[in-house]
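*Asks:* Provided below: model-v1.pdb, containing PDB, C-alpha atoms and all ligand atoms.
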```
ATOM      1  CA  MET R   7       1.656  55.441  56.815  1.00  0.00           C
ATOM      2  CA  ASN R   8       2.031  52.728  54.220  1.00  0.00           C
ATOM      3  CA  ARG R   9       5.291  52.914  52.389  1.00  0.00           C
ATOM      4  CA  ALA R  10       4.862  50.747  49.327  1.00  0.00           C
ATOM      5  CA  SER R  11       8.548  50.680  48.548  1.00  0.00           C
ATOM      6  CA  THR R  12      10.012  48.220  50.985  1.00  0.00           C
ATOM      7  CA  ASP R  13      13.479  48.098  49.552  1.00  0.00           C
ATOM      8  CA  PRO R  14      14.561  44.463  49.892  1.00  0.00           C
ATOM      9  CA  ALA R  15      18.196  45.532  49.610  1.00  0.00           C
ATOM     10  CA  ASN R  16      17.909  47.165  52.991  1.00  0.00           C
ATOM     11  CA  ALA R  17      16.267  44.244  54.652  1.00  0.00           C
ATOM     12  CA  PRO R  18      18.715  41.351  54.928  1.00  0.00           C
ATOM     13  CA  ALA R  19      21.640  42.905  56.788  1.00  0.00           C
ATOM     14  CA  SER R  20      20.679  43.441  60.373  1.00  0.00           C
ATOM     15  CA  GLY R  21      17.540  45.396  59.715  1.00  0.00           C
ATOM     16  CA  PRO R  22      15.514  47.507  62.090  1.00  0.00           C
ATOM     17  CA  SER R  23      15.915  45.108  64.959  1.00  0.00           C
ATOM     18  CA  GLY R  24      14.183  47.479  67.328  1.00  0.00           C
ATOM     19  CA  ASP R  25      10.908  46.813  65.641  1.00  0.00           C
ATOM     20  CA  PRO R  26       8.513  45.231  68.100  1.00  0.00           C
ATOM     21  CA  ALA R  27       6.012  44.349  65.416  1.00  0.00           C
ATOM     22  CA  ASN R  28       8.475  42.017  63.793  1.00  0.00           C
ATOM     23  CA  ALA R  29       9.097  40.213  67.017  1.00  0.00           C
ATOM     24  CA  THR R  30       5.966  38.122  66.874  1.00  0.00           C
ATOM     25  CA  PRO R  31       7.191  34.568  67.080  1.00  0.00           C
ATOM     26  CA  SER R  32       4.748  32.738  64.873  1.00  0.00           C
ATOM     27  CA  GLY R  33       5.322  34.735  61.703  1.00  0.00           C
ATOM     28  CA  PRO R  34       2.766  35.656  59.080  1.00  0.00           C
ATOM     29  CA  SER R  35       0.343  32.938  60.046  1.00  0.00           C
ATOM     30  CA  GLY R  36       0.069  34.220  63.586  1.00  0.00           C
ATOM     31  CA  ASP R  37      -2.444  36.956  62.848  1.00  0.00           C
ATOM     32  CA  PRO R  38      -6.026  36.071  63.658  1.00  0.00           C
ATOM     33  CA  ALA R  39      -8.949  36.598  61.355  1.00  0.00           C
ATOM     34  CA  PRO R  40      -9.092  40.236  60.230  1.00  0.00           C
ATOM     35  CA  GLY R  41     -12.751  40.012  59.244  1.00  0.00           C
ATOM     36  CA  PRO R  42     -15.652  41.891  60.835  1.00  0.00           C
ATOM     37  CA  VAL R  43     -15.955  39.497  63.737  1.00  0.00           C
ATOM     38  CA  THR R  44     -17.428  41.241  66.736  1.00  0.00           C
ATOM     39  CA  ASP R  45     -15.329  41.216  69.851  1.00  0.00           C
ATOM     40  CA  PRO R  46     -17.217  42.397  72.933  1.00  0.00           C
ATOM     41  CA  VAL R  47     -14.008  42.853  74.920  1.00  0.00           C
ATOM     42  CA  ARG R  48     -11.974  44.873  72.410  1.00  0.00           C
ATOM     43  CA  ASP R  49     -14.488  46.533  70.116  1.00  0.00           C
ATOM     44  CA  PRO R  50     -15.632  49.156  72.664  1.00  0.00           C
ATOM     45  CA  TRP R  51     -12.056  50.511  72.773  1.00  0.00           C
ATOM     46  CA  ARG R  52     -11.497  50.869  69.055  1.00  0.00           C
ATOM     47  CA  ASP R  53     -12.599  54.505  68.797  1.00  0.00           C
ATOM     48  CA  VAL R  54     -10.302  55.582  71.623  1.00  0.00           C
ATOM     49  CA  MET R  55      -7.451  53.602  70.121  1.00  0.00           C
ATOM     50  CA  ARG R  56      -7.919  55.580  66.930  1.00  0.00           C
ATOM     51  CA  ILE R  57      -7.373  58.758  68.960  1.00  0.00           C
ATOM     52  CA  ALA R  58      -4.207  57.189  70.368  1.00  0.00           C
ATOM     53  CA  LEU R  59      -3.048  56.263  66.858  1.00  0.00           C
ATOM     54  CA  ALA R  60      -3.577  59.841  65.691  1.00  0.00           C
ATOM     55  CA  GLU R  61      -1.706  61.097  68.740  1.00  0.00           C
ATOM     56  CA  ALA R  62       1.171  58.728  67.930  1.00  0.00           C
ATOM     57  CA  ASP R  63       1.498  60.331  64.508  1.00  0.00           C
ATOM     58  CA  ALA R  64       2.292  63.601  66.264  1.00  0.00           C
ATOM     59  CA  ALA R  65       5.555  62.038  67.471  1.00  0.00           C
ATOM     60  CA  LEU R  66       6.911  61.694  63.947  1.00  0.00           C
ATOM     61  CA  PRO R  67       8.027  65.270  63.165  1.00  0.00           C
ATOM     62  CA  ALA R  68      10.538  65.177  66.019  1.00  0.00           C
ATOM     63  CA  GLY R  69      11.790  61.763  64.974  1.00  0.00           C
ATOM     64  CA  ASP R  70      10.234  60.039  67.947  1.00  0.00           C
ATOM     65  CA  VAL R  71       8.960  56.475  67.792  1.00  0.00           C
ATOM     66  CA  PRO R  72       5.199  56.808  67.166  1.00  0.00           C
ATOM     67  CA  VAL R  73       3.503  55.755  70.363  1.00  0.00           C
ATOM     68  CA  GLY R  74       0.334  57.491  71.515  1.00  0.00           C
ATOM     69  CA  ALA R  75      -1.660  57.313  74.739  1.00  0.00           C
ATOM     70  CA  VAL R  76      -5.035  58.551  75.935  1.00  0.00           C
ATOM     71  CA  VAL R  77      -6.405  58.652  79.479  1.00  0.00           C
ATOM     72  CA  LEU R  78     -10.139  58.363  79.942  1.00  0.00           C
ATOM     73  CA  GLY R  79     -11.918  59.426  83.091  1.00  0.00           C
ATOM     74  CA  PRO R  80     -14.366  57.145  84.910  1.00  0.00           C
ATOM     75  CA  ASP R  81     -17.148  58.568  82.724  1.00  0.00           C
ATOM     76  CA  GLY R  82     -15.247  57.766  79.528  1.00  0.00           C
ATOM     77  CA  ALA R  83     -14.371  61.371  78.712  1.00  0.00           C
ATOM     78  CA  VAL R  84     -10.865  62.078  77.410  1.00  0.00           C
ATOM     79  CA  LEU R  85      -8.808  63.563  80.245  1.00  0.00           C
ATOM     80  CA  ALA R  86      -5.442  63.670  78.525  1.00  0.00           C
ATOM     81  CA  ARG R  87      -3.506  62.512  75.529  1.00  0.00           C
ATOM     82  CA  ALA R  88       0.203  62.354  74.791  1.00  0.00           C
ATOM     83  CA  HIS R  89       2.779  60.967  72.429  1.00  0.00           C
ATOM     84  CA  ASN R  90       6.329  59.801  72.873  1.00  0.00           C
ATOM     85  CA  GLU R  91       8.567  62.876  73.283  1.00  0.00           C
ATOM     86  CA  ARG R  92      11.962  61.419  74.090  1.00  0.00           C
ATOM     87  CA  GLU R  93      13.690  62.969  71.087  1.00  0.00           C
ATOM     88  CA  ALA R  94      11.586  66.118  71.221  1.00  0.00           C
ATOM     89  CA  THR R  95      12.479  66.858  74.832  1.00  0.00           C
ATOM     90  CA  GLY R  96      15.647  64.840  75.448  1.00  0.00           C
ATOM     91  CA  ASP R  97      13.902  63.252  78.398  1.00  0.00           C
ATOM     92  CA  PRO R  98      14.401  59.487  78.776  1.00  0.00           C
ATOM     93  CA  THR R  99      11.168  59.205  80.759  1.00  0.00           C
ATOM     94  CA  ALA R 100       9.016  61.069  78.220  1.00  0.00           C
ATOM     95  CA  HIS R 101       7.105  58.008  77.099  1.00  0.00           C
ATOM     96  CA  ALA R 102       3.542  58.594  75.934  1.00  0.00           C
ATOM     97  CA  GLU R 103       2.036  56.800  78.945  1.00  0.00           C
ATOM     98  CA  VAL R 104       3.986  58.775  81.558  1.00  0.00           C
ATOM     99  CA  LEU R 105       3.147  62.079  79.899  1.00  0.00           C
ATOM    100  CA  ALA R 106      -0.526  61.151  79.561  1.00  0.00           C
ATOM    101  CA  LEU R 107      -0.743  60.096  83.219  1.00  0.00           C
ATOM    102  CA  ARG R 108       0.881  63.349  84.340  1.00  0.00           C
ATOM    103  CA  ARG R 109      -1.505  65.409  82.252  1.00  0.00           C
ATOM    104  CA  ALA R 110      -4.507  63.448  83.477  1.00  0.00           C
ATOM    105  CA  ALA R 111      -3.406  64.036  87.063  1.00  0.00           C
ATOM    106  CA  VAL R 112      -3.117  67.757  86.369  1.00  0.00           C
ATOM    107  CA  ALA R 113      -6.561  67.724  84.766  1.00  0.00           C
ATOM    108  CA  THR R 114      -8.147  66.036  87.749  1.00  0.00           C
ATOM    109  CA  GLY R 115      -5.989  67.705  90.408  1.00  0.00           C
ATOM    110  CA  GLU R 116      -5.349  64.320  91.955  1.00  0.00           C
ATOM    111  CA  TRP R 117      -2.487  61.848  91.551  1.00  0.00           C
ATOM    112  CA  ARG R 118      -4.809  58.917  92.065  1.00  0.00           C
ATOM    113  CA  LEU R 119      -6.463  58.171  88.749  1.00  0.00           C
ATOM    114  CA  THR R 120      -9.057  55.908  90.274  1.00  0.00           C
ATOM    115  CA  GLY R 121     -11.547  54.579  87.760  1.00  0.00           C
ATOM    116  CA  CYS R 122      -9.511  55.850  84.812  1.00  0.00           C
ATOM    117  CA  THR R 123      -8.399  53.901  81.753  1.00  0.00           C
ATOM    118  CA  LEU R 124      -5.146  54.378  79.870  1.00  0.00           C
ATOM    119  CA  VAL R 125      -5.269  53.437  76.198  1.00  0.00           C
ATOM    120  CA  VAL R 126      -1.924  53.146  74.391  1.00  0.00           C
ATOM    121  CA  THR R 127      -0.862  51.936  70.966  1.00  0.00           C
ATOM    122  CA  LEU R 128       2.071  49.816  72.209  1.00  0.00           C
ATOM    123  CA  GLU R 129       2.367  47.548  75.235  1.00  0.00           C
ATOM    124  CA  PRO R 130       3.859  49.547  78.138  1.00  0.00           C
ATOM    125  CA  CYS R 131       7.502  49.092  79.182  1.00  0.00           C
ATOM    126  CA  VAL R 132       8.539  48.440  82.781  1.00  0.00           C
ATOM    127  CA  MET R 133       8.760  52.139  83.595  1.00  0.00           C
ATOM    128  CA  CYS R 134       5.306  52.867  82.269  1.00  0.00           C
ATOM    129  CA  ALA R 135       3.847  49.744  83.834  1.00  0.00           C
ATOM    130  CA  GLY R 136       5.221  50.979  87.154  1.00  0.00           C
ATOM    131  CA  ALA R 137       3.699  54.397  86.579  1.00  0.00           C
ATOM    132  CA  LEU R 138       0.359  52.783  85.769  1.00  0.00           C
ATOM    133  CA  VAL R 139       0.379  50.863  89.031  1.00  0.00           C
ATOM    134  CA  GLN R 140       1.414  53.988  90.940  1.00  0.00           C
ATOM    135  CA  SER R 141      -1.384  56.021  89.393  1.00  0.00           C
ATOM    136  CA  ARG R 142      -3.997  53.435  90.405  1.00  0.00           C
ATOM    137  CA  VAL R 143      -5.628  53.381  86.998  1.00  0.00           C
ATOM    138  CA  GLU R 144      -8.401  50.859  86.756  1.00  0.00           C
ATOM    139  CA  ARG R 145      -7.571  49.567  83.320  1.00  0.00           C
ATOM    140  CA  VAL R 146      -4.834  49.444  80.694  1.00  0.00           C
ATOM    141  CA  VAL R 147      -5.766  48.936  77.052  1.00  0.00           C
ATOM    142  CA  PHE R 148      -3.046  48.471  74.463  1.00  0.00           C
ATOM    143  CA  GLY R 149      -2.764  47.700  70.771  1.00  0.00           C
ATOM    144  CA  ALA R 150       0.445  46.032  69.664  1.00  0.00           C
ATOM    145  CA  PRO R 151       2.402  43.700  71.938  1.00  0.00           C
ATOM    146  CA  ASP R 152       6.072  44.457  72.565  1.00  0.00           C
ATOM    147  CA  GLU R 153       7.816  41.111  72.673  1.00  0.00           C
ATOM    148  CA  LYS R 154      11.160  42.752  73.448  1.00  0.00           C
ATOM    149  CA  ALA R 155      10.239  45.126  76.239  1.00  0.00           C
ATOM    150  CA  GLY R 156       6.571  44.705  77.124  1.00  0.00           C
ATOM    151  CA  ALA R 157       5.671  44.673  80.811  1.00  0.00           C
ATOM    152  CA  ALA R 158       1.962  43.986  80.548  1.00  0.00           C
ATOM    153  CA  GLY R 159       2.086  40.342  79.559  1.00  0.00           C
ATOM    154  CA  SER R 160       4.826  39.854  76.955  1.00  0.00           C
ATOM    155  CA  LEU R 161       8.179  39.884  78.726  1.00  0.00           C
ATOM    156  CA  TRP R 162       6.949  40.755  82.186  1.00  0.00           C
ATOM    157  CA  ASP R 163       3.490  41.116  83.627  1.00  0.00           C
ATOM    158  CA  LEU R 164       4.242  43.828  86.117  1.00  0.00           C
ATOM    159  CA  VAL R 165       0.783  45.383  86.091  1.00  0.00           C
ATOM    160  CA  ARG R 166      -0.798  42.108  87.231  1.00  0.00           C
ATOM    161  CA  ASP R 167       1.915  40.994  89.636  1.00  0.00           C
ATOM    162  CA  ARG R 168       0.089  39.538  92.622  1.00  0.00           C
ATOM    163  CA  ARG R 169       2.687  40.950  94.993  1.00  0.00           C
ATOM    164  CA  LEU R 170       1.499  44.466  94.214  1.00  0.00           C
ATOM    165  CA  ASN R 171      -1.487  45.897  96.004  1.00  0.00           C
ATOM    166  CA  HIS R 172      -2.962  47.481  92.902  1.00  0.00           C
ATOM    167  CA  ARG R 173      -3.454  45.532  89.701  1.00  0.00           C
ATOM    168  CA  PRO R 174      -5.162  47.195  86.740  1.00  0.00           C
ATOM    169  CA  GLU R 175      -7.212  45.145  84.336  1.00  0.00           C
ATOM    170  CA  VAL R 176      -5.423  44.576  81.007  1.00  0.00           C
ATOM    171  CA  ILE R 177      -7.065  44.453  77.594  1.00  0.00           C
ATOM    172  CA  GLN R 178      -4.683  43.866  74.722  1.00  0.00           C
ATOM    173  CA  GLY R 179      -4.851  43.632  70.960  1.00  0.00           C
ATOM    174  CA  VAL R 180      -7.251  46.514  70.303  1.00  0.00           C
ATOM    175  CA  LEU R 181      -6.585  47.498  66.661  1.00  0.00           C
ATOM    176  CA  GLY R 182      -3.405  45.510  67.152  1.00  0.00           C
ATOM    177  CA  ALA R 183      -2.622  45.212  63.446  1.00  0.00           C
ATOM    178  CA  GLU R 184      -2.974  48.955  62.847  1.00  0.00           C
ATOM    179  CA  CYS R 185      -0.854  49.789  65.870  1.00  0.00           C
ATOM    180  CA  ALA R 186       1.869  47.342  64.808  1.00  0.00           C
ATOM    181  CA  GLU R 187       1.817  48.647  61.240  1.00  0.00           C
ATOM    182  CA  GLN R 188       2.323  52.232  62.402  1.00  0.00           C
ATOM    183  CA  LEU R 189       5.502  51.173  64.186  1.00  0.00           C
ATOM    184  CA  THR R 190       6.651  48.929  61.354  1.00  0.00           C
ATOM    185  CA  ALA R 191       6.251  51.774  58.880  1.00  0.00           C
ATOM    186  CA  PHE R 192       8.306  54.043  61.119  1.00  0.00           C
ATOM    187  CA  PHE R 193      11.199  51.628  61.487  1.00  0.00           C
ATOM    188  CA  ARG R 194      11.089  50.754  57.803  1.00  0.00           C
ATOM    189  CA  THR R 195      11.963  54.315  56.903  1.00  0.00           C
ATOM    190  CA  ARG R 196      14.900  54.567  59.277  1.00  0.00           C
TER     191      ARG R 196
HETATM  192 ZN    ZN R 201       7.319  53.193  78.561  1.00  0.00          ZN
END
```
Would it be possible to restate this file's structure as structure tokens?
Ligand SMILES: [Zn+2]

*Replies:*
Amino acid sequence: MNRASTDPANAPASGPSGDPANATPSGPSGDPAPGPVTDPVRDPWRDVMRIALAEADAALPAGDVPVGAVVLGPDGAVLARAHNEREATGDPTAHAEVLALRRAAVATGEWRLTGCTLVVTLEPCVMCAGALVQSRVERVVFGAPDEKAGAAGSLWDLVRDRRLNHRPEVIQGVLGAECAEQLTAFFRTR
């Protein structure tokens, strides 16, 4: 995914302003230590996030923004995976999370995804956050924050709104740098 040639001539104008990875407010110093520090909260989700990252790559041939999602059952088995298919299908709701939730529901034969975990490379938007609440997933795990549209802590915190009767646990920043880089690389080439 790394494109070495970041043409500076393309950068100054208005740039790829849709890039969520560039939206981090604190700049280059904001990234925490990349070293092999163990993180008992995030480390257990790294392997699944790698599946989501690989799934996100599958969005690229159709020109879709690379976002990938995986739904795990209560036992940790992969129930479904999906990538963003807005361009591929012309469907404005074809975000990776919505597609993964639908497929997981088909796999289980039940709309309630009780005990399930959705793992996604980018922080969910308001639509997907709503779908996550509706599906009753137990947990949402995401990689990169989306400062411009995120609804799981960045711009809104819909999934943990106390006025809702179901509030999934949120774990963020799992392989965050890798997830952000995948998006950055995509927007760099546009
Ligand atoms: Zn979404």

*Asks:* Counting only C-alpha atoms and all ligand atoms, what are the residues, protein, DNA or RNA alike, that approach ligand ZN 201 (chain R) to within 10 Å? I want them as a PyMOL selection string.

*Replies:* chain R and resi 73+90+98-105+128-137+155-157

*Asks:* Kindly give the distance, in Å, that separates CA of Glu93 in chain R and CA of Ala64 in chain R, rounded to a single decimal.

*Replies:*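 Rounded to one decimal, the two atoms are 12.4 Å apart.
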
*Asks:* Find the residue from R:Thr44, R:Leu119, R:Asp70, R:Ala111 that sits nearest to Gly96 in chain R; use all atoms listed in the file when measuring.

*Replies:*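 Using all atoms listed in the file, the shortest distance to Gly96 in chain R belongs to R:Asp70.
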
*Asks:* Determine the nearest neighbour of Glu184 in chain R from the options R:Gly69, R:Arg52, R:Arg118, R:Val125, counting all atoms listed in the file.

*Replies:* R:Arg52

*Asks:* Could you tell me how far CA of Arg145 in chain R sits from CA of His172 in chain R, in Å to one decimal place?

*Replies:*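 Rounded to one decimal, the two atoms are 10.8 Å apart.
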
*Asks:* In file coordinates, which residues lie within 6 Å of (-0.9, 57.2, 74.9) using only C-alpha atoms, given as a PyMOL selection string?

*Replies:* chain R and resi 58+74-76+87-89+102-103+125-126

*Asks:* So how many Å separate CA of Val165 in chain R and CA of Phe193 in chain R, to one decimal?

*Replies:*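 Computing the Euclidean distance for CA of Val165 in chain R and CA of Phe193 in chain R yields 27.4 Å.
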
*Asks:* Determine the residue set returned by the PyMOL selection byres (((chain R and resi 81) around 12) and not hetatm) for the present structure, and present it as a PDB file with C-alpha atoms, in the coordinates of the input.

*Replies:*
```pdb
ATOM      1  CA  VAL R  77      -6.405  58.652  79.479  1.00  0.00           C
ATOM      2  CA  LEU R  78     -10.139  58.363  79.942  1.00  0.00           C
ATOM      3  CA  GLY R  79     -11.918  59.426  83.091  1.00  0.00           C
ATOM      4  CA  PRO R  80     -14.366  57.145  84.910  1.00  0.00           C
ATOM      5  CA  GLY R  82     -15.247  57.766  79.528  1.00  0.00           C
ATOM      6  CA  ALA R  83     -14.371  61.371  78.712  1.00  0.00           C
ATOM      7  CA  VAL R  84     -10.865  62.078  77.410  1.00  0.00           C
ATOM      8  CA  LEU R  85      -8.808  63.563  80.245  1.00  0.00           C
ATOM      9  CA  THR R 120      -9.057  55.908  90.274  1.00  0.00           C
ATOM     10  CA  GLY R 121     -11.547  54.579  87.760  1.00  0.00           C
ATOM     11  CA  CYS R 122      -9.511  55.850  84.812  1.00  0.00           C
ATOM     12  CA  THR R 123      -8.399  53.901  81.753  1.00  0.00           C
TER      13      THR R 123
END
```

*Asks:* Counting only C-alpha atoms, which of R:Val139, R:Ala150, R:Leu124, R:Leu189 gets nearest to Arg169 in chain R?

*Replies:*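 Closest to Arg169 in chain R, using only C-alpha atoms: R:Val139.
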
*Asks:* From the options R:Thr195, R:Glu91, R:Ala86, R:Gly179, which residue's atoms come nearest to Arg109 in chain R, counting all atoms listed in the file?

*Replies:* R:Ala86

*Asks:* Kindly indicate which residue among R:Asn171, R:Gln178, R:Thr127, R:Ser141 lies nearest to Ala110 in chain R, using all atoms listed in the file for the distances.

*Replies:*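 Between R:Asn171, R:Gln178, R:Thr127, R:Ser141, the residue approaching Ala110 in chain R most closely is R:Ser141.
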
*Asks:* Name the closest residue to Arg108 in chain R among the candidates R:Leu170, R:Ala158, R:Leu138, R:Phe192; distances are taken between atoms, counting all atoms listed in the file.

*Replies:*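 Using all atoms listed in the file, the shortest distance to Arg108 in chain R belongs to R:Leu138.
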
*Asks:* Rebuild range 52-76 of chain R so that it carries N, CA and C atoms, then output the result as a PDB file, keeping the file's coordinate frame.

*Replies:*
```
ATOM      1  N   ARG R  52     -12.084  50.553  70.361  1.00  0.00           N
ATOM      2  CA  ARG R  52     -11.497  50.869  69.055  1.00  0.00           C
ATOM      3  C   ARG R  52     -11.477  52.368  68.771  1.00  0.00           C
ATOM      4  N   ASP R  53     -12.545  53.069  69.088  1.00  0.00           N
ATOM      5  CA  ASP R  53     -12.599  54.505  68.797  1.00  0.00           C
ATOM      6  C   ASP R  53     -11.527  55.270  69.578  1.00  0.00           C
ATOM      7  N   VAL R  54     -11.339  54.907  70.826  1.00  0.00           N
ATOM      8  CA  VAL R  54     -10.302  55.582  71.623  1.00  0.00           C
ATOM      9  C   VAL R  54      -8.920  55.224  71.102  1.00  0.00           C
ATOM     10  N   MET R  55      -8.757  53.988  70.671  1.00  0.00           N
ATOM     11  CA  MET R  55      -7.451  53.602  70.121  1.00  0.00           C
ATOM     12  C   MET R  55      -7.144  54.395  68.862  1.00  0.00           C
ATOM     13  N   ARG R  56      -8.160  54.747  68.114  1.00  0.00           N
ATOM     14  CA  ARG R  56      -7.919  55.580  66.930  1.00  0.00           C
ATOM     15  C   ARG R  56      -7.426  56.967  67.337  1.00  0.00           C
ATOM     16  N   ILE R  57      -7.897  57.480  68.440  1.00  0.00           N
ATOM     17  CA  ILE R  57      -7.373  58.758  68.960  1.00  0.00           C
ATOM     18  C   ILE R  57      -5.903  58.589  69.333  1.00  0.00           C
ATOM     19  N   ALA R  58      -5.602  57.459  69.972  1.00  0.00           N
ATOM     20  CA  ALA R  58      -4.207  57.189  70.368  1.00  0.00           C
ATOM     21  C   ALA R  58      -3.311  57.048  69.143  1.00  0.00           C
ATOM     22  N   LEU R  59      -3.828  56.409  68.102  1.00  0.00           N
ATOM     23  CA  LEU R  59      -3.048  56.263  66.858  1.00  0.00           C
ATOM     24  C   LEU R  59      -2.769  57.627  66.230  1.00  0.00           C
ATOM     25  N   ALA R  60      -3.771  58.495  66.236  1.00  0.00           N
ATOM     26  CA  ALA R  60      -3.577  59.841  65.691  1.00  0.00           C
ATOM     27  C   ALA R  60      -2.576  60.616  66.536  1.00  0.00           C
ATOM     28  N   GLU R  61      -2.650  60.440  67.831  1.00  0.00           N
ATOM     29  CA  GLU R  61      -1.706  61.097  68.740  1.00  0.00           C
ATOM     30  C   GLU R  61      -0.285  60.595  68.471  1.00  0.00           C
ATOM     31  N   ALA R  62      -0.152  59.304  68.221  1.00  0.00           N
ATOM     32  CA  ALA R  62       1.171  58.728  67.930  1.00  0.00           C
ATOM     33  C   ALA R  62       1.798  59.372  66.706  1.00  0.00           C
ATOM     34  N   ASP R  63       0.987  59.684  65.716  1.00  0.00           N
ATOM     35  CA  ASP R  63       1.498  60.331  64.508  1.00  0.00           C
ATOM     36  C   ASP R  63       2.181  61.657  64.829  1.00  0.00           C
ATOM     37  N   ALA R  64       1.728  62.309  65.886  1.00  0.00           N
ATOM     38  CA  ALA R  64       2.292  63.601  66.264  1.00  0.00           C
ATOM     39  C   ALA R  64       3.721  63.477  66.771  1.00  0.00           C
ATOM     40  N   ALA R  65       4.171  62.248  67.029  1.00  0.00           N
ATOM     41  CA  ALA R  65       5.555  62.038  67.471  1.00  0.00           C
ATOM     42  C   ALA R  65       6.535  62.092  66.305  1.00  0.00           C
ATOM     43  N   LEU R  66       6.035  61.882  65.108  1.00  0.00           N
ATOM     44  CA  LEU R  66       6.911  61.694  63.947  1.00  0.00           C
ATOM     45  C   LEU R  66       7.757  62.914  63.569  1.00  0.00           C
ATOM     46  N   PRO R  67       7.210  64.126  63.594  1.00  0.00           N
ATOM     47  CA  PRO R  67       8.027  65.270  63.165  1.00  0.00           C
ATOM     48  C   PRO R  67       9.327  65.427  63.954  1.00  0.00           C
ATOM     49  N   ALA R  68       9.326  65.047  65.205  1.00  0.00           N
ATOM     50  CA  ALA R  68      10.538  65.177  66.019  1.00  0.00           C
ATOM     51  C   ALA R  68      11.438  63.948  65.899  1.00  0.00           C
ATOM     52  N   GLY R  69      11.000  62.975  65.122  1.00  0.00           N
ATOM     53  CA  GLY R  69      11.790  61.763  64.974  1.00  0.00           C
ATOM     54  C   GLY R  69      11.576  60.762  66.088  1.00  0.00           C
ATOM     55  N   ASP R  70      10.527  60.969  66.865  1.00  0.00           N
ATOM     56  CA  ASP R  70      10.234  60.039  67.947  1.00  0.00           C
ATOM     57  C   ASP R  70       9.481  58.810  67.439  1.00  0.00           C
ATOM     58  N   VAL R  71       9.708  57.690  68.102  1.00  0.00           N
ATOM     59  CA  VAL R  71       8.960  56.475  67.792  1.00  0.00           C
ATOM     60  C   VAL R  71       7.472  56.762  68.019  1.00  0.00           C
ATOM     61  N   PRO R  72       6.615  56.453  67.031  1.00  0.00           N
ATOM     62  CA  PRO R  72       5.199  56.808  67.166  1.00  0.00           C
ATOM     63  C   PRO R  72       4.443  55.918  68.146  1.00  0.00           C
ATOM     64  N   VAL R  73       4.325  56.403  69.348  1.00  0.00           N
ATOM     65  CA  VAL R  73       3.503  55.755  70.363  1.00  0.00           C
ATOM     66  C   VAL R  73       2.579  56.835  70.914  1.00  0.00           C
ATOM     67  N   GLY R  74       1.301  56.519  71.020  1.00  0.00           N
ATOM     68  CA  GLY R  74       0.334  57.491  71.515  1.00  0.00           C
ATOM     69  C   GLY R  74      -0.496  56.906  72.634  1.00  0.00           C
ATOM     70  N   ALA R  75      -0.880  57.769  73.589  1.00  0.00           N
ATOM     71  CA  ALA R  75      -1.660  57.313  74.739  1.00  0.00           C
ATOM     72  C   ALA R  75      -2.777  58.295  75.046  1.00  0.00           C
ATOM     73  N   VAL R  76      -3.866  57.752  75.553  1.00  0.00           N
ATOM     74  CA  VAL R  76      -5.035  58.551  75.935  1.00  0.00           C
ATOM     75  C   VAL R  76      -5.481  58.073  77.315  1.00  0.00           C
TER      76      VAL R  76
END
```
